[in-house]
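*Asks:* Sharing a structure here in structure tokens format.
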2 protein chains.
Amino acid sequence: MKPVKVGLLGLGTVGTGVVRIVEGHQEDLQGQVGSPIVIEKVLVHNKNKARSISIDSSKLTEDPWEIIHHPDIDVIVEVMGGIAHTKEYIMEALASGKHVVTANKDLMALHGKEILAKAHEHNCDVFYEASVAGGIPIIRTLIDGFSSDRITKIMGIVNGTTNYILTKMSQEGASYDDVLKEAQELGYAEADPTSDVEGLDAARKMTILSTLGFRANVDLNDVSVQGMSKVSKDDILYAKRLGYEVKLLGIAERQDDEFSISVQPTMVKKSHPIASVNGVYNAVYVYGEAVGETMFYGPGAGELPTATSIVADLVAVVKNLKLGVNGKQGVVAFKEKKLKSDEQISSKYFLLLHVDDRAGVLARITQVFADFEVSLESVLQQPNPSNPEAEIIVITHDANKAAINKVLQKFESLDVIRKVKSVYRVEG
Amino acid sequence: MKPVKVGLLGLGTVGTGVVRIVEGHQEDLQGQVGSPIVIEKVLVHNKNKARSISIDSSKLTEDPWEIIHHPDIDVIVEVMGGIAHTKEYIMEALASGKHVVTANKDLMALHGKEILAKAHEHNCDVFYEASVAGGIPIIRTLIDGFSSDRITKIMGIVNGTTNYILTKMSQEGASYDDVLKEAQELGYAEADPTSDVEGLDAARKMTILSTLGFRANVDLNDVSVQGMSKVSKDDILYAKRLGYEVKLLGIAERQDDEFSISVQPTMVKKSHPIASVNGVYNAVYVYGEAVGETMFYGPGAGELPTATSIVADLVAVVKNLKLGVNGKQGVVAFKEKKLKSDEQISSKYFLLLHVDDRAGVLARITQVFADFEVSLESVLQQPNPSNPEAEIIVITHDANKAAINKVLQKFESLDVIRKVKSVYRVEG
């Protein structure tokens, strides 16, 4: 049967993995789709660079348009990353009737709506399973597996770098700076780790997951983001002592068709399934009104895991090609987007305060919580051995974000409080 | 748009859940498939029985053929269970061009091949996501999510009843008999628990999972089955002391296109993600050559979780109906089935032996292992306070099943061994 021809944009780590899987699993792939899948052309920066795989040099090109306008290429696989050029290539490929598989979370989070509209206009598929949580098939799970349910909560460990750092800090009592340095040496963290540690990468992935889970067009700007670079080893020590782990969680919640999406370091009770997801692994916890609690766990990055998702998307494109139904999937009636106000966003909080060690302090502090109607689950006061001050640890019952912000504002003017050391959302 | 009409066979727990979801989520479902989904007729034993949902009595029938030969019904949802009658109804429905969604693991494990062939012949869909692991979309994950990979291992906690029992035994130090009784009172275990506790239910589910994961026609008879009714609280205590949990695991393994499938109580290292799956929850751990370690966790049974999977299948059927591509999915070139011999099946083992407490015993026992080339990872000998005998705990390195069987056979004739108390496979 006539082979399906693929143009690959990018031959870095993930692109190399795609070539390895398409070639190594060719027989299995043919068994499923009924025809050979051939990598016809590959866009590279430099045709003469030495590579870890052998690939016919006639297939390499430095000119993207040679691939995008290639008359025989049916599908574009985009693994070059970036936004400006990549978007231009993908839009033009769709306009030329080529299907697209991409691993580009930045592009899909920022321009997904426009790209999917273009695809729909030209009866093309756009699949992007690899853009979130590497090898975990979470996107098709949200679209197909839970098509029948109303998802009310998605919590994700969707950034392997920060989970590696937090795991090491928890297991070895190491400091953020030391573990970050080690992660950079091991290649788990970038030289400039900002996008990972400040939660931007996770926010992009949560934009994609909540768009699919809530069936509404969520924008990156709708995600409230707080990074994890200020998590201290003391915070983690306190968390562990109280039965929690600190994780950088993306949390998307829905109630009565209003929702909120955030990324922040969160204290997660150890008994919660997501608390034991360690190292560079990712996991997405999904709560549906009907199904209840589910969780999907696996590698969040890496050459072959990410390529697994890309080639699974490629198989889906080719199956659709054989049936003549490309561009027909995933067209759902999207709901109107209604974001919750801070008054409507509710969760437990952990606070660690450094206070004057004298009579009446606890009473004044607990009165502030009472004034803003925040009720407390537990309070622990203890002397700080190294200072003439005391530490107070408070865990609240469910409280709304606006009330907590008012409490924190009030604390700034309260003379008995020397420092609000840490504030964490609490889950589980 | 023209509504899609569904005939429901059975209105027990899961059938009731299907009605609730189809009615309660009607707007969301229409948004996805573009037309109403209507439950047209429901097969019941007794039309006059009181029910927990209100359903128009004109929709109820006691005659299956009224549904199967109904001219307006497009899809049959089978949630009545059983094999003989059910198979007849499903085969006839397919012959009449009706699509089928079923939750029937027994039927799919025993007659799946025949049913899928019939469906293919008549261009009909047969979907059965709910037949394994209730609300976890593991079947579409194996078919679509990992279409690009070569799966080499599937380990499943796929029976909630036995996982509930083992969890309670582990957490509370309770005995099998006591927990079983409690589970029966709570409705988690049947009055006759044989199918669950002897591993037959899990074996059926592993037949389905390994057929899909290995793309080969696995028969129920290919699964080697050992139940968990002989697991003692002492065994669990020993396991915990050594850092393991005892779980009833389905294990399907592939190597060089030869495979083995088994169900047995297994000691799982606590650090393995499947070890912390507790209570009635299910989980399926999947290892792919490219993707590596993944795990899928969720409720294994229950009215709404199971109905979630059924209605997601219904959505898939209706989407295919709209595109005119029913009966075109899942047609894969199956591989020849090659089962491993006992000599090729390799794992670690745990053995607990009661032996005479005198000189030279350990030497004689370890010599037996050496004679059959089983090497040992750890050996612990301790006095048994209540008897004039010693206990020896052995954990082997990877050993083949045939060699372990020879060791056990030899132990029967070894006078210093009073009893081989327990033998477990070890994972993680």
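In the structure tokens, chains take the letters A, B, ... in the order shown, each chain's residues start at 1, and ligands count up from 1 in the order shown.
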Kindly assemble as a Markdown table a list of the chain B residues that lie within 6 Å of chain A, each paired with its nearest atom pair and their distance in Å to one decimal, using only C-alpha atoms, sorted first by chain and then by ascending residue number.
*Replies:*
| residue | atom | partner | partner_atom | distance |
| --- | --- | --- | --- | --- |
| B:Gly31 | CA | A:Ala333 | CA | 4.8 |
| B:Gln32 | CA | A:Val332 | CA | 4.8 |
| B:Gly135 | CA | A:Val291 | CA | 5.7 |
| B:Pro137 | CA | A:Gly145 | CA | 5.3 |
| B:Gly145 | CA | A:Pro137 | CA | 5.3 |
| B:Ser147 | CA | A:Ala312 | CA | 5.4 |
| B:Ser148 | CA | A:Ala312 | CA | 4.9 |
| B:Ala290 | CA | A:Leu304 | CA | 5.1 |
| B:Val291 | CA | A:Pro305 | CA | 4.0 |
| B:Glu293 | CA | A:Gly298 | CA | 5.8 |
| B:Thr294 | CA | A:Gly298 | CA | 4.1 |
| B:Met295 | CA | A:Tyr297 | CA | 4.9 |
| B:Phe296 | CA | A:Phe296 | CA | 4.7 |
| B:Tyr297 | CA | A:Met295 | CA | 4.9 |
| B:Gly298 | CA | A:Thr294 | CA | 4.1 |
| B:Leu304 | CA | A:Ala290 | CA | 5.1 |
| B:Pro305 | CA | A:Val291 | CA | 3.9 |
| B:Thr308 | CA | A:Ser148 | CA | 5.8 |
| B:Val311 | CA | A:Ser148 | CA | 5.5 |
| B:Ala312 | CA | A:Ser148 | CA | 4.9 |
| B:Val332 | CA | A:Gln32 | CA | 4.8 |
| B:Ala333 | CA | A:Gly31 | CA | 4.9 |
*Asks:* Can you list, as a list in words, every protein, DNA or RNA residue that comes within 10 Å of B:Asp125 when you count only C-alpha atoms, leaving out same-chain residues fewer than 2 positions away?
*Replies:*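 My list of contacting residues is Val75, Leu94, Gly97, Lys98, His99, Val100, Val101, Leu116, Lys118, Ala119, His120, His122, Asn123, Phe127, Tyr128, Asp313, Leu314, Ala316, Val317, Val318, Asn320, Leu321, Val325, Asn326, Gly327, Lys328, Gln329 and Gly330 of chain B.
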*Asks:* Record the distance separating atom CA of B:Ala109 and atom CA of B:Ile208, expressed in Å with one decimal.
*Replies:*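 If I compute the distance from atom CA of B:Ala109 to atom CA of B:Ile208, I get 5.7 Å.
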*Asks:* So which one's closest to A:Glu78, A:Val38, A:Ile261, A:Leu8, A:Ala93? Using only C-alpha atoms, please.
*Replies:*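 The shortest atom-to-atom distance to A:Glu78 comes from A:Leu8.
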*Asks:* Quote the spacing between atom CA of B:Phe369 and atom CA of B:Val416 in Å to one decimal place.
*Replies:*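 That distance, rounded to one decimal, is 14.8 Å.
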*Asks:* Where in stretch 158-247 of chain A does DSSP assign alpha helix (DSSP H), given as a VMD selection string?
*Replies:* chain A and resid 160 to 172 176 to 186 194 to 197 200 to 214 233 to 241
*Asks:* Quick one: residues within 8 Å of A:Lys421, only C-alpha atoms, excluding same-chain residues fewer than 4 positions away - as a PyMOL selection string?
*Replies:* chain A and resi 351-354
*Asks:* Could you tell me how far atom CA of B:Ala252 sits from atom CA of B:Asp219, in Å to one decimal place?
*Replies:*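 Atom CA of B:Asp219 sits 12.7 Å away from atom CA of B:Ala252.
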*Asks:* Neighbours of stretch 163-178 of chain A within 9 Å (only C-alpha atoms; same-chain residues fewer than 4 positions away dropped), as a list in words?
*Replies:*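 Listing them by chain and then by number gives Ile157, Val158, Asn159, Glu182, Ala183, Tyr188, Met228, Ser229, Lys230, Val231, Ser232, Lys233, Asp234, Ile236, Leu237, Lys240, Glu245, Val246, Lys247, Leu248, Val277, Asn278, Gly279, Val280, Tyr281 and Asn282 of chain A.
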*Asks:* Contacts of stretch 336-350 of chain B at 9 Å or less, counting only C-alpha atoms, minus same-chain residues fewer than 2 places along, as a ChimeraX atom specification?
*Replies:* /B:215-218,222,253-255,257-261,267,334,352,377,393-404,422-427
*Asks:* Could you write those residues out with N, CA, C and O atoms, as a short mmCIF file (atom, residue, chain, number, x, y, z; two decimals), in the first residue's frame?
*Replies:*
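The resulting file, out.cif, is shown below:
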data_model
loop_
_atom_site.label_atom_id
_atom_site.label_comp_id
_atom_site.auth_asym_id
_atom_site.auth_seq_id
_atom_site.Cartn_x
_atom_site.Cartn_y
_atom_site.Cartn_z
N ARG B 215 -1.11 -7.55 21.42
CA ARG B 215 -1.68 -7.71 20.08
C ARG B 215 -1.59 -9.17 19.62
O ARG B 215 -1.05 -9.48 18.56
N ALA B 216 -2.11 -10.05 20.48
CA ALA B 216 -2.14 -11.49 20.19
C ALA B 216 -3.41 -12.05 20.83
O ALA B 216 -3.87 -11.51 21.84
N ASN B 217 -3.97 -13.10 20.26
CA ASN B 217 -5.21 -13.64 20.82
C ASN B 217 -4.94 -14.51 22.04
O ASN B 217 -4.74 -15.72 21.93
N VAL B 218 -4.95 -13.90 23.20
CA VAL B 218 -4.69 -14.63 24.44
C VAL B 218 -6.00 -15.31 24.88
O VAL B 218 -7.07 -14.72 24.83
N ASP B 222 -4.61 -19.52 28.93
CA ASP B 222 -3.18 -19.19 28.91
C ASP B 222 -2.74 -18.53 30.22
O ASP B 222 -1.55 -18.33 30.43
N GLU B 253 3.81 -10.55 30.89
CA GLU B 253 5.16 -10.16 30.49
C GLU B 253 5.47 -10.64 29.09
O GLU B 253 5.05 -11.73 28.70
N ARG B 254 6.25 -9.84 28.37
CA ARG B 254 6.66 -10.22 27.02
C ARG B 254 8.15 -10.03 26.87
O ARG B 254 8.72 -9.06 27.34
N GLN B 255 8.75 -10.99 26.19
CA GLN B 255 10.18 -10.91 25.89
C GLN B 255 10.38 -11.58 24.54
O GLN B 255 9.93 -12.74 24.36
N ASP B 257 8.83 -11.48 21.87
CA ASP B 257 7.56 -11.99 21.32
C ASP B 257 7.07 -13.30 21.93
O ASP B 257 6.16 -13.94 21.41
N GLU B 258 7.68 -13.71 23.05
CA GLU B 258 7.09 -14.81 23.82
C GLU B 258 6.57 -14.22 25.11
O GLU B 258 7.19 -13.33 25.68
N PHE B 259 5.43 -14.71 25.57
CA PHE B 259 4.90 -14.08 26.77
C PHE B 259 4.30 -15.06 27.76
O PHE B 259 4.10 -16.23 27.48
N SER B 260 4.07 -14.52 28.98
CA SER B 260 3.46 -15.32 30.04
C SER B 260 2.48 -14.42 30.77
O SER B 260 2.70 -13.21 30.88
N ILE B 261 1.39 -15.02 31.22
CA ILE B 261 0.37 -14.25 31.93
C ILE B 261 -0.03 -15.03 33.17
O ILE B 261 -0.28 -16.24 33.10
N MET B 267 4.42 -10.30 46.44
CA MET B 267 5.00 -9.29 47.33
C MET B 267 5.56 -8.17 46.46
O MET B 267 6.42 -8.41 45.62
N PHE B 334 -2.84 -9.26 14.17
CA PHE B 334 -2.43 -9.90 15.41
C PHE B 334 -1.21 -10.78 15.20
O PHE B 334 -1.03 -11.39 14.16
N LEU B 352 9.09 -18.81 52.97
CA LEU B 352 9.11 -18.89 54.43
C LEU B 352 9.05 -20.37 54.81
O LEU B 352 8.09 -21.07 54.47
N GLU B 377 19.19 -13.63 47.24
CA GLU B 377 19.45 -12.22 47.52
C GLU B 377 19.61 -12.01 49.02
O GLU B 377 20.48 -11.28 49.47
N ILE B 393 13.69 -17.32 56.24
CA ILE B 393 13.09 -16.52 55.17
C ILE B 393 14.14 -16.33 54.09
O ILE B 393 15.26 -15.90 54.36
N VAL B 394 13.76 -16.68 52.87
CA VAL B 394 14.69 -16.56 51.75
C VAL B 394 14.07 -15.66 50.70
O VAL B 394 12.89 -15.81 50.37
N ILE B 395 14.83 -14.69 50.21
CA ILE B 395 14.42 -13.99 48.98
C ILE B 395 15.47 -14.30 47.93
O ILE B 395 16.67 -14.10 48.16
N THR B 396 15.01 -14.82 46.80
CA THR B 396 15.95 -15.22 45.75
C THR B 396 16.23 -14.04 44.81
O THR B 396 15.50 -13.07 44.79
N HIS B 397 17.31 -14.17 44.06
CA HIS B 397 17.46 -13.31 42.88
C HIS B 397 16.51 -13.84 41.81
O HIS B 397 15.79 -14.81 42.04
N ASP B 398 16.49 -13.20 40.64
CA ASP B 398 15.63 -13.71 39.57
C ASP B 398 15.92 -15.18 39.33
O ASP B 398 17.08 -15.58 39.16
N ALA B 399 14.85 -15.97 39.35
CA ALA B 399 15.00 -17.41 39.16
C ALA B 399 13.87 -17.87 38.26
O ALA B 399 12.80 -17.25 38.24
N ASN B 400 14.09 -18.95 37.50
CA ASN B 400 12.98 -19.36 36.65
C ASN B 400 12.03 -20.26 37.42
O ASN B 400 12.39 -20.91 38.40
N LYS B 401 10.78 -20.23 36.97
CA LYS B 401 9.70 -20.89 37.68
C LYS B 401 9.94 -22.40 37.78
O LYS B 401 9.64 -23.04 38.80
N ALA B 402 10.51 -22.98 36.74
CA ALA B 402 10.78 -24.41 36.74
C ALA B 402 11.78 -24.77 37.83
O ALA B 402 11.61 -25.76 38.56
N ALA B 403 12.81 -23.93 37.97
CA ALA B 403 13.83 -24.21 39.00
C ALA B 403 13.23 -24.09 40.39
O ALA B 403 13.51 -24.92 41.27
N ILE B 404 12.39 -23.08 40.61
CA ILE B 404 11.75 -22.92 41.92
C ILE B 404 10.87 -24.14 42.22
O ILE B 404 10.87 -24.67 43.33
N SER B 422 5.15 -20.55 53.18
CA SER B 422 4.63 -19.66 52.13
C SER B 422 5.64 -19.49 51.01
O SER B 422 6.84 -19.50 51.25
N VAL B 423 5.11 -19.33 49.80
CA VAL B 423 5.94 -19.02 48.63
C VAL B 423 5.25 -17.89 47.88
O VAL B 423 4.06 -18.01 47.55
N TYR B 424 5.95 -16.80 47.64
CA TYR B 424 5.38 -15.69 46.88
C TYR B 424 6.32 -15.23 45.79
O TYR B 424 7.54 -15.20 45.99
N ARG B 425 5.73 -14.86 44.68
CA ARG B 425 6.48 -14.12 43.67
C ARG B 425 6.77 -12.72 44.24
O ARG B 425 5.97 -12.18 45.00
N VAL B 426 7.89 -12.12 43.86
CA VAL B 426 8.29 -10.80 44.36
C VAL B 426 8.46 -9.85 43.17
O VAL B 426 9.07 -10.20 42.17
N GLU B 427 7.91 -8.65 43.30
CA GLU B 427 8.04 -7.62 42.24
C GLU B 427 8.52 -6.30 42.82
O GLU B 427 8.21 -5.96 43.95
#
*Asks:* Name the closest residue to B:Met1 among the candidates B:Thr152, B:Ser35, B:Ser57, B:Ser210; distances are taken between atoms, counting only C-alpha atoms.
*Replies:*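 Checking each of B:Thr152, B:Ser35, B:Ser57, B:Ser210 against B:Met1, counting only C-alpha atoms, the winner is B:Ser35.
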